[in-house]
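Enquirer: Here you go, one structure.
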Number of protein chains: 2
Amino acid sequence: MTMTGKQLFTTLGADGKLTLEISEESFPQPTGNQVLVKMEAAPINPSDLAILTSAADFENADYSTGKVVADMPEPFLSGQKNRHGQRLPAGNEGAGEVVATGDGDMAKALMGQRVACVPGNAFSQYAIADAMMCLPLGDHSSEVGASSFVNPMTALGFVETAKMEGHDAIVHLAAASNLGQMLNKIAIEDGLKVVNVVRKQEHVDLLKGIGAKYIVNSSDDDYMKQLRSAIKETGAYLGFDPIGGGQASDNVLKAMEQVAASQMDEYSRYGSTQDKKMYMYGRLDLSPTILTPSYGLQWGISGWLLTPFLQKAGMETVVKMRTRVQQNLTTTFASHYKAKVNLEEMLTKDAITDYRQMKTGEKYLVTPWS
Amino acid sequence: MTMTGKQLFTTLGADGKLTLEISEESFPQPTGNQVLVKMEAAPINPSDLAILTSAADFENADYSTGKVVADMPEPFLSGQKNRHGQRLPAGNEGAGEVVATGDGDMAKALMGQRVACVPGNAFSQYAIADAMMCLPLGDHSSEVGASSFVNPMTALGFVETAKMEGHDAIVHLAAASNLGQMLNKIAIEDGLKVVNVVRKQEHVDLLKGIGAKYIVNSSDDDYMKQLRSAIKETGAYLGFDPIGGGQASDNVLKAMEQVAASQMDEYSRYGSTQDKKMYMYGRLDLSPTILTPSYGLQWGISGWLLTPFLQKAGMETVVKMRTRVQQNLTTTFASHYKAKVNLEEMLTKDAITDYRQMKTGEKYLVTPWS
């Protein structure tokens with residue numbers, strides 16, 4: 001039996017044309033511990049936009065039903081040289097019903113169940129997924145379970161990273177996001193202090209509403225002062241930054257250094273001896289990262305990615321994390337969506353223009369069968 | 001008995017005036033494992049210039065004998081707020097004769113000997129130093145031993161860092177420096193591959209002359225191509241950067257990623273899975289560091305400082321490193337100087353204008369008694 005259904009593909013040509021299109025595909029019979037999932041819901045995450053929209057010009061693109069062709073500017077065209085000409089699926093995660101399985105025991109046990117999964121082609125009516133990475137949703141709908149991997153595991157991953165590196169306080173940028181809200185809830189449960197940096201008063205209010213204690217507004221005139229005093233109070237010398245571009249991380253390192261230096265007994269030409277570290281886990285801002293020479297040489301910035309982290313953390317920790325997600329799917333790890341679109345609606349100008357902005361709290365959900 | 005002698009001080013006022021001056025000081029009797037060293041030679045290292053000249057305007061400064069007052073521009077004035085008003089000594093390292101000691105056995109054993117030391121006020125006729133950090137020079141002159149700490153231990157530290165992190169190849173920027181030359185000699189002995197990045201053909205020739213195998217010239221039109229092919233040949237995914245500002249490190253990370261991505265089986269939206277890391281160990285360029293979004297999120301940049309490294313490496317490794325320096329002081333670890341100046345000459349316009357440029361192979365040596 002071969003299933004056929006609609007699937008989204010993204011192709012960047014060497015000529016600078018980015019093509020997104022829905023096409024009819026056939027899906028193979030799952031083997032071993034694979035399952036075939038009839039995908040019912042999939043969120044559009046910032047991590048999906050890297051191959052979906054990137055920096056292409058969707059304002060002046062060619063739109064037709066189930067297809068859009070947009071120009072990719074430099075340096076983003078050359079920067080993605082390795083994907084030129086490749087027809088790539090998209091959609092990290094989603095949820096749906098298991099309609100066929102391989103012969104493996106783990107796979108067979110999931111037959112007929114509703115699961116969350118991480119197929120890499122979630123923007124599709126069907127997807128092959130690894131049974132080991134599937135989370136049975138029980139009575140929950142696919143909409144409730146669609147975002148149960150990327151954000152929850154990332155938020156839990158930050159807490160684990162902080163623990164592994166001996167910190168009991170962290171700074172989080174763009175902190176009013178779905179992920180940021182989950183992070184605060186987990187952190188409160190685990191006794192980790194979070195300095196939340198947001199850009200708007202309404203985000204300050206939102207985070208206050210869920211019990212966050214340290215919130216600073218980067219749009220305020222005294223942002224740096226607020227930040228320093230929150231760092232001083234919490235001792236947060238580890239941060240997580242989804243923005244990447246500009247001076248978002250630079251400002252945090254600067255504030256960390258100013259607090260640390262003010263607590264030193266004597267001046268050192270090399271800056272304070274306090275180690276300061278930022279993890280960049282996204283690139284909401286594609287402009288270059290700027291690091292000023294204002295915090296000595298006792299600092300670091302590294303990329304943070306979920307998959308390598310999970311590999312480093314090991315199976316036992318990962319199972320513990322997944323169980324915690326499963327048990328708190330409608331509370332701590334609940335996700336909210338601004339709009340639902342089907343595959344064709346996903347490729348309209350209105351939708352793309354809106355979701356590519358990745359505004360806080362305005363996530364889209366793709367429902368391939370609606 | 002109290003010794004008196006000339007010593008250099010650097011003071012940055014909150015009003016933006018940087019004052020360098022030579023004054024007559026008295027030096028206390030050493031206690032415990034301290035020794036009093038009559039300083040005969042001290043190099044001006046890039047790490048000294050951070051508090052000596054920083055970004056001050058020495059073109060339009062007020063010069064008088066043994067004194068200069070220069071304006072410090074923003075943001076460097078505010079950036080060094082913690083030293084405002086403090087009268088700081090300068091000079092990391094140097095060599096001279098032990099003329100008095102404390103009661104400690106290590107100290108007493110050095111009486112009358114010529115030693116290299118790390119007093120932090122080496123630009124002085126006398127300095128108190130820690131006997132444990134002194135290196136007896138035997139028959140070598142102070143000029144031969146003056147630079148036996150910072151550069152040799154840093155070069156050896158890079159090799160140890162690479163080993164500790166499982167690398168057998170590294171990239172080194174500004175690689176024709178005294179430090180860079182030492183690094184090549186050690187690396188050849190230890191079987192570590194070094195990709196040397198330099199800016200001039202004469203530096204290519206210089207490094208070839210000492211047996212370096214991988215040398216690329218960043219002034220060549222095909223710099224990135226040269227860099228990629230050297231990284232491909234060596235597998236160097238760890239780098240050391242003394243420049244800091246601009247895109248020096250960015251270019252290396254970009255080349256590392258391009259090589260790694262070209263060796264991947266399939267395209268990944270997150271870039272290659274190859275970890276890429278740069279250590280920034282200096283700030284020859286005080287302009288902001290620019291990091292473009294062109295190498296995914298599997299990378300890191302951290303500061304590298306000698307003192308924290310030595311603490312992490314532990315006493316046994318440090319003793320091994322020091323012994324290696326001592327045994328190869330006139331060969332592998334020999335330093336060369338462009339000019340010798342006494343303390344007053346060090347504060348003349350001609351000298352400052354010249355040594356603050358930190359040109360490759362043009363280091364100054366201070367001889368406080370000449």
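Scheme for the structure tokens: letters A, B, ... for chains in order shown; per-chain residue numbers from 1; ligand numbers from 1 in order shown.
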Assign secondary structure with DSSP using the backbone only, and return the residues of stretch 19-173 of chain A in strand (DSSP E or B) as a short mmCIF file (atom, residue, chain, number, x, y, z; two decimals) with all heavy atoms, in the first residue's frame.

Expert:
data_model
loop_
_atom_site.label_atom_id
_atom_site.label_comp_id
_atom_site.auth_asym_id
_atom_site.auth_seq_id
_atom_site.Cartn_x
_atom_site.Cartn_y
_atom_site.Cartn_z
N THR A 19 12.05 28.78 -4.46
CA THR A 19 10.71 28.29 -4.80
C THR A 19 10.14 27.47 -3.66
O THR A 19 10.76 26.50 -3.20
CB THR A 19 10.77 27.39 -6.07
OG1 THR A 19 11.36 28.14 -7.12
CG2 THR A 19 9.37 26.93 -6.47
N LEU A 20 8.96 27.88 -3.17
CA LEU A 20 8.21 27.06 -2.21
C LEU A 20 7.03 26.51 -2.96
O LEU A 20 6.31 27.27 -3.62
CB LEU A 20 7.71 27.92 -1.04
CG LEU A 20 8.76 28.72 -0.26
CD1 LEU A 20 8.07 29.51 0.87
CD2 LEU A 20 9.81 27.78 0.33
N GLU A 21 6.80 25.21 -2.89
CA GLU A 21 5.63 24.67 -3.58
C GLU A 21 5.08 23.42 -2.91
O GLU A 21 5.78 22.67 -2.25
CB GLU A 21 5.93 24.40 -5.06
CG GLU A 21 7.03 23.40 -5.30
CD GLU A 21 7.34 23.27 -6.80
OE1 GLU A 21 6.41 23.38 -7.62
OE2 GLU A 21 8.53 23.06 -7.13
N ILE A 22 3.76 23.25 -3.12
CA ILE A 22 3.07 22.08 -2.61
C ILE A 22 2.98 21.10 -3.77
O ILE A 22 2.57 21.47 -4.87
CB ILE A 22 1.62 22.44 -2.18
CG1 ILE A 22 1.61 23.67 -1.28
CG2 ILE A 22 0.95 21.23 -1.52
CD1 ILE A 22 2.38 23.54 0.00
N SER A 23 3.40 19.86 -3.54
CA SER A 23 3.24 18.90 -4.63
C SER A 23 2.70 17.57 -4.09
O SER A 23 2.79 17.29 -2.89
CB SER A 23 4.55 18.72 -5.39
OG SER A 23 5.38 17.82 -4.73
N GLU A 24 2.12 16.80 -4.95
CA GLU A 24 1.55 15.50 -4.58
C GLU A 24 2.70 14.49 -4.55
O GLU A 24 3.44 14.34 -5.52
CB GLU A 24 0.50 15.10 -5.63
CG GLU A 24 -0.39 13.94 -5.25
CD GLU A 24 -1.49 14.32 -4.25
OE1 GLU A 24 -1.76 15.54 -4.07
OE2 GLU A 24 -2.08 13.41 -3.64
N GLU A 25 2.85 13.80 -3.44
CA GLU A 25 3.95 12.86 -3.28
C GLU A 25 3.40 11.50 -2.86
O GLU A 25 2.32 11.42 -2.28
CB GLU A 25 4.89 13.33 -2.17
CG GLU A 25 5.60 14.64 -2.46
CD GLU A 25 6.63 14.50 -3.56
OE1 GLU A 25 7.44 13.55 -3.51
OE2 GLU A 25 6.62 15.34 -4.49
N SER A 26 4.19 10.46 -3.10
CA SER A 26 3.81 9.18 -2.51
C SER A 26 4.76 8.87 -1.37
O SER A 26 5.96 9.18 -1.43
CB SER A 26 3.82 8.05 -3.54
OG SER A 26 4.77 8.27 -4.51
N PHE A 27 4.23 8.29 -0.32
CA PHE A 27 5.01 8.02 0.88
C PHE A 27 5.25 6.54 1.01
O PHE A 27 4.31 5.74 0.86
CB PHE A 27 4.29 8.58 2.10
CG PHE A 27 4.14 10.08 2.03
CD1 PHE A 27 3.07 10.65 1.37
CD2 PHE A 27 5.12 10.90 2.57
CE1 PHE A 27 2.95 12.02 1.27
CE2 PHE A 27 5.01 12.29 2.47
CZ PHE A 27 3.92 12.85 1.80
N GLN A 34 10.19 2.60 12.08
CA GLN A 34 9.55 3.78 11.52
C GLN A 34 8.03 3.68 11.63
O GLN A 34 7.47 2.58 11.63
CB GLN A 34 9.90 3.93 10.04
CG GLN A 34 11.35 4.33 9.76
CD GLN A 34 11.61 4.44 8.27
OE1 GLN A 34 10.92 3.80 7.46
NE2 GLN A 34 12.61 5.23 7.92
N VAL A 35 7.39 4.86 11.72
CA VAL A 35 5.93 4.89 11.63
C VAL A 35 5.54 5.89 10.55
O VAL A 35 6.28 6.83 10.27
CB VAL A 35 5.27 5.31 12.97
CG1 VAL A 35 5.56 4.28 14.06
CG2 VAL A 35 5.75 6.69 13.42
N LEU A 36 4.38 5.67 9.90
CA LEU A 36 3.86 6.65 8.96
C LEU A 36 2.75 7.42 9.69
O LEU A 36 1.80 6.82 10.21
CB LEU A 36 3.29 5.95 7.71
CG LEU A 36 2.76 6.93 6.64
CD1 LEU A 36 3.90 7.71 6.00
CD2 LEU A 36 1.95 6.20 5.57
N VAL A 37 2.94 8.74 9.78
CA VAL A 37 2.00 9.58 10.53
C VAL A 37 1.17 10.41 9.56
O VAL A 37 1.72 11.07 8.67
CB VAL A 37 2.76 10.50 11.51
CG1 VAL A 37 1.77 11.33 12.34
CG2 VAL A 37 3.67 9.69 12.42
N LYS A 38 -0.16 10.37 9.73
CA LYS A 38 -1.03 11.27 9.00
C LYS A 38 -0.98 12.59 9.77
O LYS A 38 -1.53 12.71 10.87
CB LYS A 38 -2.46 10.71 8.96
CG LYS A 38 -3.41 11.54 8.14
CD LYS A 38 -4.82 10.95 8.14
CE LYS A 38 -5.75 11.93 7.41
NZ LYS A 38 -7.16 11.56 7.59
N MET A 39 -0.26 13.58 9.22
CA MET A 39 0.04 14.81 9.97
C MET A 39 -1.20 15.71 10.06
O MET A 39 -1.77 16.09 9.06
CB MET A 39 1.16 15.59 9.27
CG MET A 39 2.49 14.86 9.20
SD MET A 39 3.19 14.42 10.83
CE MET A 39 3.40 16.06 11.53
N GLU A 40 -1.57 16.05 11.29
CA GLU A 40 -2.76 16.87 11.50
C GLU A 40 -2.44 18.31 11.90
O GLU A 40 -3.27 19.21 11.70
CB GLU A 40 -3.65 16.21 12.56
CG GLU A 40 -4.16 14.84 12.08
CD GLU A 40 -4.84 14.04 13.17
OE1 GLU A 40 -4.47 14.18 14.37
OE2 GLU A 40 -5.74 13.25 12.84
N ALA A 41 -1.27 18.53 12.47
CA ALA A 41 -0.91 19.89 12.90
C ALA A 41 0.59 20.02 13.03
O ALA A 41 1.26 19.10 13.52
CB ALA A 41 -1.57 20.21 14.24
N ALA A 42 1.13 21.15 12.56
CA ALA A 42 2.58 21.40 12.65
C ALA A 42 2.82 22.89 12.82
O ALA A 42 2.30 23.69 12.04
CB ALA A 42 3.28 20.89 11.38
N PRO A 43 3.58 23.30 13.84
CA PRO A 43 3.84 24.72 14.05
C PRO A 43 4.92 25.24 13.10
O PRO A 43 5.79 24.47 12.67
CB PRO A 43 4.37 24.76 15.48
CG PRO A 43 5.09 23.46 15.63
CD PRO A 43 4.29 22.46 14.82
N ASP A 57 12.96 37.91 -0.77
CA ASP A 57 12.08 39.07 -0.96
C ASP A 57 10.66 38.61 -1.28
O ASP A 57 10.28 38.49 -2.45
CB ASP A 57 12.64 39.93 -2.10
CG ASP A 57 11.73 41.12 -2.40
OD1 ASP A 57 10.82 41.41 -1.59
OD2 ASP A 57 11.95 41.77 -3.44
N PHE A 58 9.85 38.40 -0.26
CA PHE A 58 8.48 37.93 -0.46
C PHE A 58 7.51 39.08 -0.74
O PHE A 58 6.36 38.85 -1.06
CB PHE A 58 8.02 37.09 0.73
CG PHE A 58 8.61 35.71 0.73
CD1 PHE A 58 9.73 35.42 1.49
CD2 PHE A 58 8.06 34.71 -0.06
CE1 PHE A 58 10.30 34.16 1.46
CE2 PHE A 58 8.62 33.44 -0.09
CZ PHE A 58 9.74 33.15 0.67
N GLU A 59 8.01 40.31 -0.62
CA GLU A 59 7.19 41.47 -0.94
C GLU A 59 6.94 41.51 -2.45
O GLU A 59 5.84 41.80 -2.91
CB GLU A 59 7.93 42.74 -0.47
CG GLU A 59 7.17 44.03 -0.60
CD GLU A 59 5.83 44.03 0.14
OE1 GLU A 59 5.73 43.38 1.19
OE2 GLU A 59 4.88 44.65 -0.38
N ASN A 60 7.98 41.18 -3.23
CA ASN A 60 7.89 41.25 -4.69
C ASN A 60 7.95 39.87 -5.34
O ASN A 60 8.49 39.70 -6.43
CB ASN A 60 9.02 42.12 -5.24
CG ASN A 60 9.01 43.50 -4.63
OD1 ASN A 60 8.04 44.24 -4.79
ND2 ASN A 60 10.06 43.86 -3.88
N ALA A 61 7.43 38.87 -4.66
CA ALA A 61 7.51 37.49 -5.17
C ALA A 61 6.36 37.19 -6.13
O ALA A 61 5.39 37.93 -6.20
CB ALA A 61 7.50 36.53 -3.99
N ASP A 62 6.49 36.08 -6.88
CA ASP A 62 5.41 35.58 -7.75
C ASP A 62 4.58 34.56 -7.00
O ASP A 62 5.08 33.48 -6.66
CB ASP A 62 6.01 34.87 -8.99
CG ASP A 62 6.46 35.89 -10.02
OD1 ASP A 62 5.88 37.00 -10.04
OD2 ASP A 62 7.39 35.57 -10.78
N TYR A 63 3.32 34.89 -6.78
CA TYR A 63 2.43 33.99 -6.04
C TYR A 63 1.44 33.31 -6.97
O TYR A 63 0.83 33.97 -7.80
CB TYR A 63 1.65 34.76 -4.97
CG TYR A 63 2.51 35.29 -3.84
CD1 TYR A 63 3.13 36.54 -3.93
CD2 TYR A 63 2.71 34.54 -2.69
CE1 TYR A 63 3.93 37.02 -2.90
CE2 TYR A 63 3.50 35.01 -1.65
CZ TYR A 63 4.11 36.26 -1.76
OH TYR A 63 4.89 36.71 -0.74
N SER A 64 1.27 32.00 -6.84
CA SER A 64 0.17 31.31 -7.50
C SER A 64 -0.32 30.24 -6.51
O SER A 64 0.30 30.06 -5.45
CB SER A 64 0.64 30.68 -8.82
OG SER A 64 1.76 29.86 -8.59
N LYS A 67 2.13 27.78 -4.65
CA LYS A 67 3.49 28.02 -5.12
C LYS A 67 3.87 29.49 -4.99
O LYS A 67 3.05 30.37 -5.23
CB LYS A 67 3.60 27.60 -6.59
CG LYS A 67 5.02 27.72 -7.15
CD LYS A 67 5.14 27.08 -8.52
CE LYS A 67 6.53 27.24 -9.09
NZ LYS A 67 6.70 26.53 -10.37
N VAL A 68 5.13 29.73 -4.61
CA VAL A 68 5.64 31.10 -4.60
C VAL A 68 7.12 31.06 -4.97
O VAL A 68 7.85 30.15 -4.58
CB VAL A 68 5.40 31.78 -3.22
CG1 VAL A 68 5.89 30.91 -2.08
CG2 VAL A 68 6.08 33.14 -3.16
N VAL A 69 7.53 32.04 -5.78
CA VAL A 69 8.93 32.14 -6.20
C VAL A 69 9.44 33.53 -5.82
O VAL A 69 8.87 34.53 -6.23
CB VAL A 69 9.08 31.93 -7.72
CG1 VAL A 69 10.56 32.00 -8.13
CG2 VAL A 69 8.48 30.59 -8.15
N ALA A 70 10.50 33.57 -5.01
CA ALA A 70 11.01 34.84 -4.50
C ALA A 70 12.51 34.93 -4.72
O ALA A 70 13.20 33.91 -4.80
CB ALA A 70 10.70 34.96 -3.01
N ASP A 71 13.02 36.18 -4.82
CA ASP A 71 14.46 36.37 -5.01
C ASP A 71 15.20 36.33 -3.68
O ASP A 71 14.79 36.96 -2.72
CB ASP A 71 14.72 37.71 -5.70
CG ASP A 71 14.32 37.69 -7.17
OD1 ASP A 71 14.58 36.65 -7.81
OD2 ASP A 71 13.75 38.69 -7.64
N HIS A 84 21.94 24.72 -2.91
CA HIS A 84 21.53 25.13 -4.27
C HIS A 84 21.06 23.92 -5.07
O HIS A 84 21.76 22.93 -5.20
CB HIS A 84 22.68 25.83 -5.01
CG HIS A 84 22.97 27.22 -4.50
ND1 HIS A 84 23.97 28.02 -5.00
CD2 HIS A 84 22.36 27.96 -3.53
CE1 HIS A 84 23.99 29.17 -4.36
NE2 HIS A 84 23.03 29.16 -3.45
N ARG A 87 15.89 20.02 -3.55
CA ARG A 87 14.47 20.14 -3.22
C ARG A 87 14.30 19.61 -1.80
O ARG A 87 14.35 18.40 -1.57
CB ARG A 87 13.69 19.29 -4.23
CG ARG A 87 12.21 19.53 -4.32
CD ARG A 87 11.68 18.94 -5.63
NE ARG A 87 10.24 18.85 -5.64
CZ ARG A 87 9.54 17.76 -5.31
NH1 ARG A 87 10.15 16.65 -4.98
NH2 ARG A 87 8.22 17.79 -5.36
N LEU A 88 14.14 20.54 -0.85
CA LEU A 88 14.14 20.14 0.55
C LEU A 88 12.74 20.14 1.15
O LEU A 88 11.96 21.06 0.93
CB LEU A 88 15.00 21.11 1.37
CG LEU A 88 16.46 21.26 0.95
CD1 LEU A 88 17.11 22.42 1.71
CD2 LEU A 88 17.23 19.97 1.21
N PRO A 89 12.40 19.12 1.97
CA PRO A 89 11.17 19.15 2.75
C PRO A 89 11.37 20.14 3.91
O PRO A 89 12.48 20.59 4.16
CB PRO A 89 11.05 17.73 3.28
CG PRO A 89 12.45 17.24 3.34
CD PRO A 89 13.21 17.94 2.24
N GLY A 94 5.55 18.10 14.54
CA GLY A 94 4.11 18.16 14.38
C GLY A 94 3.46 16.99 15.10
O GLY A 94 4.12 16.27 15.86
N ALA A 95 2.17 16.80 14.81
CA ALA A 95 1.47 15.69 15.45
C ALA A 95 0.42 15.14 14.51
O ALA A 95 -0.06 15.84 13.62
CB ALA A 95 0.83 16.14 16.76
N GLY A 96 0.07 13.88 14.72
CA GLY A 96 -0.94 13.25 13.87
C GLY A 96 -1.17 11.81 14.30
O GLY A 96 -0.74 11.40 15.39
N GLU A 97 -1.83 11.06 13.43
CA GLU A 97 -2.21 9.69 13.77
C GLU A 97 -1.30 8.70 13.05
O GLU A 97 -1.03 8.83 11.85
CB GLU A 97 -3.66 9.47 13.33
CG GLU A 97 -4.28 8.23 13.94
CD GLU A 97 -5.63 7.91 13.28
OE1 GLU A 97 -6.28 8.85 12.77
OE2 GLU A 97 -6.00 6.72 13.24
N VAL A 98 -0.86 7.69 13.77
CA VAL A 98 -0.02 6.64 13.17
C VAL A 98 -0.93 5.72 12.35
O VAL A 98 -1.81 5.07 12.90
CB VAL A 98 0.75 5.84 14.24
CG1 VAL A 98 1.52 4.69 13.59
CG2 VAL A 98 1.70 6.76 15.01
N VAL A 99 -0.70 5.70 11.01
CA VAL A 99 -1.57 4.92 10.12
C VAL A 99 -0.89 3.69 9.54
O VAL A 99 -1.52 2.86 8.90
CB VAL A 99 -2.15 5.80 8.98
CG1 VAL A 99 -3.09 6.87 9.55
CG2 VAL A 99 -1.02 6.46 8.19
N ALA A 100 0.40 3.56 9.74
CA ALA A 100 1.14 2.36 9.30
C ALA A 100 2.44 2.31 10.08
O ALA A 100 2.95 3.35 10.51
CB ALA A 100 1.43 2.42 7.80
N THR A 101 2.99 1.13 10.29
CA THR A 101 4.25 1.01 11.04
C THR A 101 5.14 -0.04 10.42
O THR A 101 4.68 -0.90 9.66
CB THR A 101 4.02 0.61 12.52
OG1 THR A 101 3.72 -0.81 12.55
CG2 THR A 101 2.86 1.38 13.14
N ARG A 114 -2.39 8.66 18.44
CA ARG A 114 -2.05 10.03 18.08
C ARG A 114 -0.70 10.34 18.75
O ARG A 114 -0.52 10.09 19.95
CB ARG A 114 -3.15 10.98 18.59
CG ARG A 114 -2.98 12.40 18.16
CD ARG A 114 -4.32 13.11 18.05
NE ARG A 114 -5.00 12.77 16.81
CZ ARG A 114 -6.20 12.19 16.73
NH1 ARG A 114 -6.86 11.89 17.81
NH2 ARG A 114 -6.73 11.92 15.55
N VAL A 115 0.25 10.83 17.96
CA VAL A 115 1.60 11.07 18.51
C VAL A 115 2.13 12.44 18.07
O VAL A 115 1.74 12.97 17.03
CB VAL A 115 2.62 10.00 18.03
CG1 VAL A 115 2.23 8.61 18.52
CG2 VAL A 115 2.77 10.02 16.51
N ALA A 116 3.03 12.98 18.87
CA ALA A 116 3.86 14.11 18.44
C ALA A 116 5.13 13.50 17.87
O ALA A 116 5.59 12.46 18.35
CB ALA A 116 4.19 15.00 19.62
N CYS A 117 5.69 14.11 16.81
CA CYS A 117 6.88 13.53 16.19
C CYS A 117 7.77 14.63 15.60
O CYS A 117 7.41 15.79 15.56
CB CYS A 117 6.48 12.54 15.10
SG CYS A 117 5.41 13.26 13.83
N SER A 124 3.28 18.61 5.62
CA SER A 124 2.97 17.53 4.70
C SER A 124 1.74 16.79 5.24
O SER A 124 1.45 16.84 6.44
CB SER A 124 4.17 16.57 4.65
OG SER A 124 3.89 15.45 3.85
N TYR A 126 1.43 13.52 5.06
CA TYR A 126 1.97 12.32 5.70
C TYR A 126 3.46 12.52 5.96
O TYR A 126 4.12 13.30 5.26
CB TYR A 126 1.82 11.08 4.78
CG TYR A 126 0.38 10.63 4.61
CD1 TYR A 126 -0.35 11.01 3.49
CD2 TYR A 126 -0.23 9.83 5.58
CE1 TYR A 126 -1.67 10.61 3.34
CE2 TYR A 126 -1.55 9.41 5.42
CZ TYR A 126 -2.27 9.81 4.30
OH TYR A 126 -3.56 9.41 4.16
N ALA A 127 3.97 11.80 6.93
CA ALA A 127 5.40 11.86 7.19
C ALA A 127 5.87 10.57 7.83
O ALA A 127 5.15 9.96 8.64
CB ALA A 127 5.72 13.04 8.09
N ILE A 128 7.07 10.15 7.46
CA ILE A 128 7.72 9.01 8.10
C ILE A 128 8.47 9.53 9.33
O ILE A 128 9.21 10.51 9.22
CB ILE A 128 8.73 8.34 7.14
CG1 ILE A 128 8.02 7.67 5.95
CG2 ILE A 128 9.61 7.33 7.88
CD1 ILE A 128 7.35 6.35 6.27
N ALA A 129 8.25 8.91 10.49
CA ALA A 129 8.94 9.36 11.70
C ALA A 129 9.56 8.18 12.43
O ALA A 129 9.18 7.02 12.24
CB ALA A 129 7.96 10.08 12.62
N ASP A 130 10.54 8.51 13.29
CA ASP A 130 11.24 7.53 14.10
C ASP A 130 10.40 7.26 15.36
O ASP A 130 10.11 8.18 16.12
CB ASP A 130 12.60 8.13 14.47
CG ASP A 130 13.46 7.19 15.29
OD1 ASP A 130 12.94 6.15 15.75
OD2 ASP A 130 14.64 7.52 15.49
N LEU A 135 6.08 10.89 20.72
CA LEU A 135 5.50 11.05 22.06
C LEU A 135 4.00 10.76 21.95
O LEU A 135 3.27 11.52 21.32
CB LEU A 135 5.72 12.50 22.50
CG LEU A 135 5.44 12.88 23.95
CD1 LEU A 135 6.52 12.31 24.86
CD2 LEU A 135 5.41 14.40 24.08
N PRO A 136 3.52 9.65 22.55
CA PRO A 136 2.09 9.34 22.48
C PRO A 136 1.29 10.44 23.19
O PRO A 136 1.64 10.85 24.30
CB PRO A 136 1.97 8.01 23.23
CG PRO A 136 3.35 7.44 23.23
CD PRO A 136 4.27 8.61 23.27
N ALA A 169 21.43 30.81 37.92
CA ALA A 169 20.70 31.96 37.37
C ALA A 169 21.14 32.15 35.92
O ALA A 169 22.29 31.93 35.58
CB ALA A 169 21.00 33.22 38.17
N ILE A 170 20.19 32.54 35.06
CA ILE A 170 20.51 32.79 33.66
C ILE A 170 19.80 34.06 33.17
O ILE A 170 18.84 34.52 33.78
CB ILE A 170 20.07 31.62 32.74
CG1 ILE A 170 18.56 31.37 32.83
CG2 ILE A 170 20.83 30.35 33.09
CD1 ILE A 170 18.04 30.34 31.84
N VAL A 171 20.33 34.60 32.06
CA VAL A 171 19.67 35.70 31.36
C VAL A 171 19.02 35.12 30.11
O VAL A 171 19.62 34.28 29.44
CB VAL A 171 20.69 36.79 30.96
CG1 VAL A 171 20.00 37.89 30.15
CG2 VAL A 171 21.36 37.38 32.19
N HIS A 172 17.78 35.51 29.80
CA HIS A 172 17.14 35.05 28.57
C HIS A 172 16.64 36.24 27.77
O HIS A 172 15.93 37.09 28.30
CB HIS A 172 15.98 34.09 28.88
CG HIS A 172 15.40 33.44 27.66
ND1 HIS A 172 14.06 33.21 27.48
CD2 HIS A 172 16.02 32.98 26.53
CE1 HIS A 172 13.87 32.63 26.30
NE2 HIS A 172 15.04 32.48 25.71
N LEU A 173 17.03 36.29 26.49
CA LEU A 173 16.61 37.41 25.63
C LEU A 173 15.36 37.03 24.84
O LEU A 173 15.10 35.85 24.60
CB LEU A 173 17.75 37.78 24.67
CG LEU A 173 19.09 38.14 25.32
CD1 LEU A 173 20.07 38.67 24.28
CD2 LEU A 173 18.90 39.17 26.41
#

Enquirer: Pull out every residue of chain B that has at least one atom within 9 Å of chain A, counting only C-alpha atoms, and report them as a VMD selection string.

Expert: chain B and resid 47 to 48 50 to 51 75 to 76 79 to 80 82 to 83 86 88 244 to 245 258 261 to 262 266 to 270 273 277 279 to 283 286 to 305 308

Enquirer: Find the distance between atom CA of A:Leu206 and atom CA of A:Asn184 and write it in Å to one decimal.

Expert: 11.4 Å

Enquirer: Between atom CA of B:Val204 and atom CA of B:Ile188, measure the distance and give it in Å to one decimal.

Expert: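 Atom CA of B:Ile188 lies 16.7 Å from atom CA of B:Val204.
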
Enquirer: Quick check, in Å to one decimal: how far apart do atom CA of B:Ile243 and atom CA of B:Ala175 lie?

Expert: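 These two atoms are separated by 10.6 Å.
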
Enquirer: Quick one: DSSP helix (DSSP H, G or I) residues in stretch 40-242 of chain B, as number ranges by chain?

Expert: B: 46-52, 76-79, 81-83, 105-108, 131-133, 142-145, 150-164, 178-190, 201-209, 223-234

Enquirer: Do a neighbour search on B:Lys338 at 10 Å with only C-alpha atoms, toss out local chain neighbours closer than 6 positions, and write the hits as a short mmCIF file (atom, residue, chain, number, x, y, z; two decimals) with N, CA and C atoms, in the first residue's frame.

Expert:
data_model
loop_
_atom_site.label_atom_id
_atom_site.label_comp_id
_atom_site.auth_asym_id
_atom_site.auth_seq_id
_atom_site.Cartn_x
_atom_site.Cartn_y
_atom_site.Cartn_z
N TYR B 355 56.07 51.84 19.05
CA TYR B 355 55.76 50.54 19.67
C TYR B 355 54.27 50.27 19.84
N GLY B 361 57.37 41.59 14.69
CA GLY B 361 58.83 41.55 14.72
C GLY B 361 59.49 42.86 15.13
N GLU B 362 58.69 43.82 15.66
CA GLU B 362 59.28 45.11 16.03
C GLU B 362 59.04 45.43 17.50
N LYS B 363 59.36 44.48 18.34
CA LYS B 363 59.12 44.65 19.77
C LYS B 363 60.21 45.52 20.42
N TYR B 364 59.80 46.29 21.44
CA TYR B 364 60.75 47.12 22.20
C TYR B 364 61.14 46.42 23.50
N LEU B 365 62.38 46.69 23.92
CA LEU B 365 62.85 46.19 25.21
C LEU B 365 63.19 47.39 26.09
#
